[in-house]
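*Asks:* I have a structure here, written as structure tokens, and I will follow up with some questions on it.
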Amino acid sequence: MDASEHSTETGRTIGLIIFIATEVMFFAGLLSSYWVIRAQLDAWPPLGQPRLPVAVTGLNSLILIGSAIAIAHARYDRKTSSSRTVSGWLGLAAFAGLIFLSIQGFEWIRMLHFGLTAVANIYGGFFYLVVGAHALHVVIALGILVFVTYRARQGHYTASCQTGLRLCRIYWIFVVALWPFIYVALYLV
């Protein structure tokens, strides 16, 4: 890799880190608003509202965390990695992400059926806003992950050319790492 390629790679990495920092602030603002509103109300959740599916979502969280472990393994090493190995790890991460989204969607449908809607009260509104914002990030990251998996299968990445793969890994791990904070704040506390 020559100096200009290294500079471009470094610039892209810094750009992604700045973007992730803005996303951290976005979610910190959402969760802070949630806590401020919650602290002002006597009953939380409001009476008559269904309880969130803590156990199912906890297990689903483990699936999402497993996807981060899979994507962390998706890197080329001159001695041990091949396009098949890397794309296999990426595919496993994408599959786990899809399972996570599917279970979340199923739980949303159940919660709507039990009367927890975004317009029923502020409890439902914040739940769908925060969890929905995260789900949107998972969908976007999943799209990127599928694209990078396709390129890995085509042999685009090598031990010396991994920029797209590395940026995808960083963003996916960020999206996954964000979820435990949301899960604890909305489901457990």
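Here, A, B, ... name the chains of the structure tokens in the order displayed, residue numbers run from 1 inside each chain, and ligands are numbered from 1 in the same displayed order.
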Neighbours of Gly91 in chain A within 9 Å (only C-alpha atoms; same-chain residues fewer than 5 positions away dropped), as a PDB file with N, CA and C atoms, in the first residue's frame?

*Replies:*
ATOM      1  N   ALA A  70     -18.974 -12.868  15.102  1.00  0.00           N
ATOM      2  CA  ALA A  70     -18.734 -13.416  13.764  1.00  0.00           C
ATOM      3  C   ALA A  70     -18.013 -12.411  12.878  1.00  0.00           C
ATOM      4  N   ILE A  71     -18.478 -11.175  12.888  1.00  0.00           N
ATOM      5  CA  ILE A  71     -17.855 -10.189  11.997  1.00  0.00           C
ATOM      6  C   ILE A  71     -16.439  -9.834  12.455  1.00  0.00           C
ATOM      7  N   VAL A  86     -13.695 -15.584   4.892  1.00  0.00           N
ATOM      8  CA  VAL A  86     -14.133 -14.234   5.266  1.00  0.00           C
ATOM      9  C   VAL A  86     -15.599 -14.029   4.913  1.00  0.00           C
ATOM     10  N   ALA A  96     -27.323 -13.590  11.425  1.00  0.00           N
ATOM     11  CA  ALA A  96     -27.689 -13.291  12.824  1.00  0.00           C
ATOM     12  C   ALA A  96     -28.389 -11.934  12.916  1.00  0.00           C
ATOM     13  N   LEU A 145     -23.499  -4.702   5.095  1.00  0.00           N
ATOM     14  CA  LEU A 145     -22.893  -6.000   5.352  1.00  0.00           C
ATOM     15  C   LEU A 145     -23.137  -6.979   4.195  1.00  0.00           C
ATOM     16  N   VAL A 146     -24.329  -6.986   3.649  1.00  0.00           N
ATOM     17  CA  VAL A 146     -24.635  -7.852   2.508  1.00  0.00           C
ATOM     18  C   VAL A 146     -23.785  -7.441   1.305  1.00  0.00           C
ATOM     19  N   THR A 149     -20.258  -8.549   1.935  1.00  0.00           N
ATOM     20  CA  THR A 149     -20.193 -10.008   1.801  1.00  0.00           C
ATOM     21  C   THR A 149     -20.116 -10.399   0.329  1.00  0.00           C
TER      22      THR A 149
END

*Asks:* Excluding same-chain residues fewer than 4 positions from Ile173 in chain A, what lies within 10 Å of it counting only C-alpha atoms, as a compact mmCIF listing (two decimals) with N, CA, C and O atoms, in the first residue's frame?

*Replies:*
# COMPACT_ATOMS: atom_id res chain seq x y z
N LEU A 64 -27.65 -10.98 18.47
CA LEU A 64 -27.00 -9.81 17.89
C LEU A 64 -25.54 -9.72 18.31
O LEU A 64 -24.66 -9.44 17.48
N ILE A 65 -25.27 -9.99 19.56
CA ILE A 65 -23.87 -9.98 20.04
C ILE A 65 -23.06 -11.07 19.32
O ILE A 65 -21.91 -10.86 18.96
N SER A 67 -23.45 -11.93 16.32
CA SER A 67 -23.12 -11.41 14.99
C SER A 67 -21.87 -10.54 15.04
O SER A 67 -21.08 -10.54 14.09
N ALA A 68 -21.68 -9.83 16.13
CA ALA A 68 -20.47 -9.02 16.28
C ALA A 68 -19.23 -9.91 16.42
O ALA A 68 -18.16 -9.58 15.90
N ILE A 69 -19.40 -11.01 17.12
CA ILE A 69 -18.28 -11.96 17.26
C ILE A 69 -17.94 -12.54 15.89
O ILE A 69 -16.77 -12.65 15.53
N ILE A 71 -18.48 -11.18 12.89
CA ILE A 71 -17.86 -10.19 12.00
C ILE A 71 -16.44 -9.83 12.45
O ILE A 71 -15.59 -9.48 11.65
N ALA A 72 -16.18 -9.96 13.74
CA ALA A 72 -14.82 -9.70 14.23
C ALA A 72 -13.84 -10.73 13.66
O ALA A 72 -12.65 -10.44 13.49
N ALA A 141 -27.02 -1.04 8.33
CA ALA A 141 -25.78 -1.80 8.52
C ALA A 141 -25.87 -3.17 7.87
O ALA A 141 -24.88 -3.66 7.30
N LEU A 167 -14.18 -1.04 7.52
CA LEU A 167 -15.18 -0.01 7.84
C LEU A 167 -16.53 -0.65 8.14
O LEU A 167 -17.23 -0.23 9.07
N CYS A 168 -16.89 -1.68 7.38
CA CYS A 168 -18.13 -2.41 7.65
C CYS A 168 -18.09 -3.04 9.03
O CYS A 168 -19.06 -2.97 9.79
N ARG A 169 -16.98 -3.66 9.35
CA ARG A 169 -16.81 -4.31 10.66
C ARG A 169 -16.98 -3.28 11.78
O ARG A 169 -17.67 -3.53 12.77
N ALA A 177 -22.98 -2.86 19.59
CA ALA A 177 -22.60 -2.37 20.93
C ALA A 177 -23.61 -1.37 21.48
O ALA A 177 -23.76 -1.24 22.70
N LEU A 178 -24.32 -0.70 20.62
CA LEU A 178 -25.34 0.26 21.05
C LEU A 178 -26.54 -0.45 21.68
O LEU A 178 -27.15 0.06 22.63

*Asks:* Using the chain letters and numbers from this document, which residues of chain A does DSSP assign to alpha helix (DSSP H), as a ChimeraX atom specification?

*Replies:* /A:3-40,54-73,83-113,122-153,163-183

*Asks:* State, in Å with one decimal place, the distance from CA of Val184 in chain A to CA of Leu31 in chain A.

*Replies:*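 Computing it gives 10.9 Å between the two atoms.
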
*Asks:* Which residue is closest to Phe95 in chain A? Choose from A:Ile63, A:Trp108, A:Phe126, A:Leu136 and count only C-alpha atoms.

*Replies:*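 Checking each of A:Ile63, A:Trp108, A:Phe126, A:Leu136 against Phe95 in chain A, counting only C-alpha atoms, the winner is A:Ile63.
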
*Asks:* So, counting only C-alpha atoms, which residue among A:Tyr123, A:Phe106, A:Leu116, A:Ala94 is closest to Ala39 in chain A?

*Replies:* A:Tyr123

*Asks:* Closest to Leu92 in chain A among A:Ala43, A:Val54, A:Leu142, A:Ala135, using only C-alpha atoms?

*Replies:*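 When distances to Leu92 in chain A are compared using only C-alpha atoms, the smallest one comes from A:Leu142.
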
*Asks:* Might you pull out every residue within 12 Å of Ser87 in chain A, with only C-alpha atoms counted and same-chain residues fewer than 6 positions away left off, and present them as a JSON list (two decimals) with N, CA and C atoms, in the first residue's frame?

*Replies:*
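The file below, part.json, is the result:
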[["chain", "number", "residue", "atom", "x", "y", "z"],
["A", 70, "ALA", "N", -18.97, -12.87, 15.10],
["A", 70, "ALA", "CA", -18.73, -13.42, 13.76],
["A", 70, "ALA", "C", -18.01, -12.41, 12.88],
["A", 71, "ILE", "N", -18.48, -11.18, 12.89],
["A", 71, "ILE", "CA", -17.86, -10.19, 12.00],
["A", 71, "ILE", "C", -16.44, -9.83, 12.45],
["A", 73, "HIS", "N", -14.34, -11.92, 13.34],
["A", 73, "HIS", "CA", -13.50, -12.97, 12.75],
["A", 73, "HIS", "C", -13.30, -12.78, 11.24],
["A", 74, "ALA", "N", -14.09, -11.91, 10.64],
["A", 74, "ALA", "CA", -14.04, -11.73, 9.18],
["A", 74, "ALA", "C", -12.92, -10.77, 8.80],
["A", 75, "ARG", "N", -11.72, -11.27, 8.81],
["A", 75, "ARG", "CA", -10.58, -10.46, 8.38],
["A", 75, "ARG", "C", -9.59, -11.36, 7.67],
["A", 76, "TYR", "N", -8.94, -10.77, 6.73],
["A", 76, "TYR", "CA", -7.95, -11.54, 5.96],
["A", 76, "TYR", "C", -6.62, -11.58, 6.68],
["A", 81, "SER", "N", -6.53, -16.96, 5.92],
["A", 81, "SER", "CA", -7.84, -16.57, 5.42],
["A", 81, "SER", "C", -7.97, -16.74, 3.92],
["A", 93, "ALA", "N", -22.66, -13.28, 10.22],
["A", 93, "ALA", "CA", -23.02, -12.03, 10.91],
["A", 93, "ALA", "C", -24.32, -11.46, 10.33],
["A", 94, "ALA", "N", -24.43, -11.47, 9.00],
["A", 94, "ALA", "CA", -25.64, -10.95, 8.34],
["A", 94, "ALA", "C", -26.86, -11.80, 8.70],
["A", 95, "PHE", "N", -26.70, -13.11, 8.72],
["A", 95, "PHE", "CA", -27.80, -14.01, 9.08],
["A", 95, "PHE", "C", -28.27, -13.74, 10.51],
["A", 145, "LEU", "N", -23.50, -4.70, 5.10],
["A", 145, "LEU", "CA", -22.89, -6.00, 5.35],
["A", 145, "LEU", "C", -23.14, -6.98, 4.19],
["A", 146, "VAL", "N", -24.33, -6.99, 3.65],
["A", 146, "VAL", "CA", -24.63, -7.85, 2.51],
["A", 146, "VAL", "C", -23.78, -7.44, 1.30],
["A", 147, "PHE", "N", -23.64, -6.15, 1.07],
["A", 147, "PHE", "CA", -22.82, -5.66, -0.04],
["A", 147, "PHE", "C", -21.36, -6.07, 0.15],
["A", 148, "VAL", "N", -20.84, -5.89, 1.35],
["A", 148, "VAL", "CA", -19.45, -6.27, 1.62],
["A", 148, "VAL", "C", -19.27, -7.78, 1.52],
["A", 149, "THR", "N", -20.26, -8.55, 1.93],
["A", 149, "THR", "CA", -20.19, -10.01, 1.80],
["A", 149, "THR", "C", -20.12, -10.40, 0.33],
["A", 150, "TYR", "N", -20.94, -9.76, -0.48],
["A", 150, "TYR", "CA", -20.91, -10.03, -1.92],
["A", 150, "TYR", "C", -19.53, -9.72, -2.49],
["A", 151, "ARG", "N", -18.98, -8.58, -2.13],
["A", 151, "ARG", "CA", -17.65, -8.21, -2.64],
["A", 151, "ARG", "C", -16.57, -9.15, -2.13],
["A", 152, "ALA", "N", -16.71, -9.63, -0.91],
["A", 152, "ALA", "CA", -15.73, -10.58, -0.38],
["A", 152, "ALA", "C", -15.79, -11.89, -1.17],
["A", 153, "ARG", "N", -16.99, -12.32, -1.50],
["A", 153, "ARG", "CA", -17.13, -13.55, -2.30],
["A", 153, "ARG", "C", -16.56, -13.39, -3.70],
["A", 154, "GLN", "N", -16.57, -12.16, -4.19],
["A", 154, "GLN", "CA", -15.99, -11.88, -5.51],
["A", 154, "GLN", "C", -14.47, -11.75, -5.45],
["A", 155, "GLY", "N", -13.89, -11.85, -4.25],
["A", 155, "GLY", "CA", -12.44, -11.76, -4.11],
["A", 155, "GLY", "C", -11.91, -10.33, -4.09],
["A", 156, "HIS", "N", -12.79, -9.37, -3.79],
["A", 156, "HIS", "CA", -12.38, -7.96, -3.80],
["A", 156, "HIS", "C", -11.37, -7.63, -2.69],
["A", 157, "TYR", "N", -11.51, -8.27, -1.55],
["A", 157, "TYR", "CA", -10.64, -7.96, -0.41],
["A", 157, "TYR", "C", -9.48, -8.95, -0.35],
["A", 158, "THR", "N", -8.37, -8.44, 0.07],
["A", 158, "THR", "CA", -7.17, -9.26, 0.24],
["A", 158, "THR", "C", -6.51, -8.86, 1.55],
["A", 165, "LEU", "N", -14.03, -3.71, 4.07],
["A", 165, "LEU", "CA", -14.30, -4.76, 5.05],
["A", 165, "LEU", "C", -14.12, -4.23, 6.47]]

*Asks:* Just how far from CA of Leu101 in chain A is CA of Leu52 in chain A, in Å to one decimal?

*Replies:*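 According to the coordinates, CA of Leu52 in chain A and CA of Leu101 in chain A are separated by 16.3 Å.
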
*Asks:* List the neighbours of Leu188 in chain A out to 12 Å using only C-alpha atoms; skip same-chain residues closer than 5 positions along the sequence, and give me the result as a ChimeraX atom specification.

*Replies:* /A:45,51-55,57-58,180-183

*Asks:* I'd like the interatomic distance between CA of His137 in chain A and CA of Ile17 in chain A, to a tenth of an Å.

*Replies:*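 One can read the CA of His137 in chain A to CA of Ile17 in chain A distance as 15.4 Å.
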
*Asks:* Can you list, as a PyMOL selection string, every protein, DNA or RNA residue that comes within 12 Å of Trp44 in chain A when you count only C-alpha atoms, leaving out same-chain residues fewer than 4 positions away?

*Replies:* chain A and resi 34-35+37-40+48-52+121-124+186-187+189

*Asks:* Please provide as a list in words all residues within 12 Å of Thr13 in chain A, with the sequence filter that same-chain residues fewer than 5 positions apart are discarded (counting only C-alpha atoms).

*Replies:*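 Close residues of Thr13 in chain A: His6, Ser7, Thr8, Ile18, Phe19, Ile20, Gln162, Thr163, Gly164, Leu165, Arg166, Leu167, Cys168, Arg169, Ile170 and Tyr171 of chain A.
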
*Asks:* Could you please take those selected residues and save N, CA and C atoms as a PDB file, in the first residue's frame?

*Replies:*
ATOM      1  N   HIS A   6      -2.811   4.765   1.804  1.00  0.00           N
ATOM      2  CA  HIS A   6      -2.868   4.776   3.265  1.00  0.00           C
ATOM      3  C   HIS A   6      -3.572   6.032   3.764  1.00  0.00           C
ATOM      4  N   SER A   7      -3.305   7.162   3.135  1.00  0.00           N
ATOM      5  CA  SER A   7      -3.944   8.418   3.516  1.00  0.00           C
ATOM      6  C   SER A   7      -5.454   8.352   3.273  1.00  0.00           C
ATOM      7  N   THR A   8      -5.857   7.787   2.128  1.00  0.00           N
ATOM      8  CA  THR A   8      -7.278   7.639   1.817  1.00  0.00           C
ATOM      9  C   THR A   8      -7.955   6.707   2.822  1.00  0.00           C
ATOM     10  N   ILE A  18     -16.029   9.824  13.063  1.00  0.00           N
ATOM     11  CA  ILE A  18     -16.780  11.071  13.304  1.00  0.00           C
ATOM     12  C   ILE A  18     -18.273  10.816  13.149  1.00  0.00           C
ATOM     13  N   PHE A  19     -18.648  10.058  12.124  1.00  0.00           N
ATOM     14  CA  PHE A  19     -20.057   9.719  11.932  1.00  0.00           C
ATOM     15  C   PHE A  19     -20.599   8.937  13.124  1.00  0.00           C
ATOM     16  N   ILE A  20     -19.844   7.964  13.585  1.00  0.00           N
ATOM     17  CA  ILE A  20     -20.270   7.172  14.740  1.00  0.00           C
ATOM     18  C   ILE A  20     -20.400   8.052  15.976  1.00  0.00           C
ATOM     19  N   GLN A 162      -8.264  -4.116   2.605  1.00  0.00           N
ATOM     20  CA  GLN A 162      -9.396  -4.469   3.452  1.00  0.00           C
ATOM     21  C   GLN A 162     -10.219  -3.270   3.915  1.00  0.00           C
ATOM     22  N   THR A 163     -10.043  -2.114   3.306  1.00  0.00           N
ATOM     23  CA  THR A 163     -10.679  -0.896   3.810  1.00  0.00           C
ATOM     24  C   THR A 163     -12.190  -1.059   3.963  1.00  0.00           C
ATOM     25  N   GLY A 164     -12.877  -1.462   2.913  1.00  0.00           N
ATOM     26  CA  GLY A 164     -14.332  -1.606   2.988  1.00  0.00           C
ATOM     27  C   GLY A 164     -14.759  -2.628   4.023  1.00  0.00           C
ATOM     28  N   LEU A 165     -14.027  -3.714   4.073  1.00  0.00           N
ATOM     29  CA  LEU A 165     -14.304  -4.759   5.054  1.00  0.00           C
ATOM     30  C   LEU A 165     -14.121  -4.226   6.473  1.00  0.00           C
ATOM     31  N   ARG A 166     -13.042  -3.498   6.684  1.00  0.00           N
ATOM     32  CA  ARG A 166     -12.758  -2.972   8.026  1.00  0.00           C
ATOM     33  C   ARG A 166     -13.794  -1.926   8.435  1.00  0.00           C
ATOM     34  N   LEU A 167     -14.177  -1.040   7.522  1.00  0.00           N
ATOM     35  CA  LEU A 167     -15.179  -0.015   7.836  1.00  0.00           C
ATOM     36  C   LEU A 167     -16.527  -0.651   8.144  1.00  0.00           C
ATOM     37  N   CYS A 168     -16.889  -1.683   7.385  1.00  0.00           N
ATOM     38  CA  CYS A 168     -18.132  -2.413   7.646  1.00  0.00           C
ATOM     39  C   CYS A 168     -18.093  -3.044   9.029  1.00  0.00           C
ATOM     40  N   ARG A 169     -16.975  -3.660   9.353  1.00  0.00           N
ATOM     41  CA  ARG A 169     -16.815  -4.306  10.665  1.00  0.00           C
ATOM     42  C   ARG A 169     -16.978  -3.281  11.783  1.00  0.00           C
ATOM     43  N   ILE A 170     -16.339  -2.127  11.634  1.00  0.00           N
ATOM     44  CA  ILE A 170     -16.423  -1.085  12.668  1.00  0.00           C
ATOM     45  C   ILE A 170     -17.871  -0.638  12.854  1.00  0.00           C
ATOM     46  N   TYR A 171     -18.561  -0.373  11.747  1.00  0.00           N
ATOM     47  CA  TYR A 171     -19.933   0.126  11.862  1.00  0.00           C
ATOM     48  C   TYR A 171     -20.870  -0.940  12.441  1.00  0.00           C
TER      49      TYR A 171
END
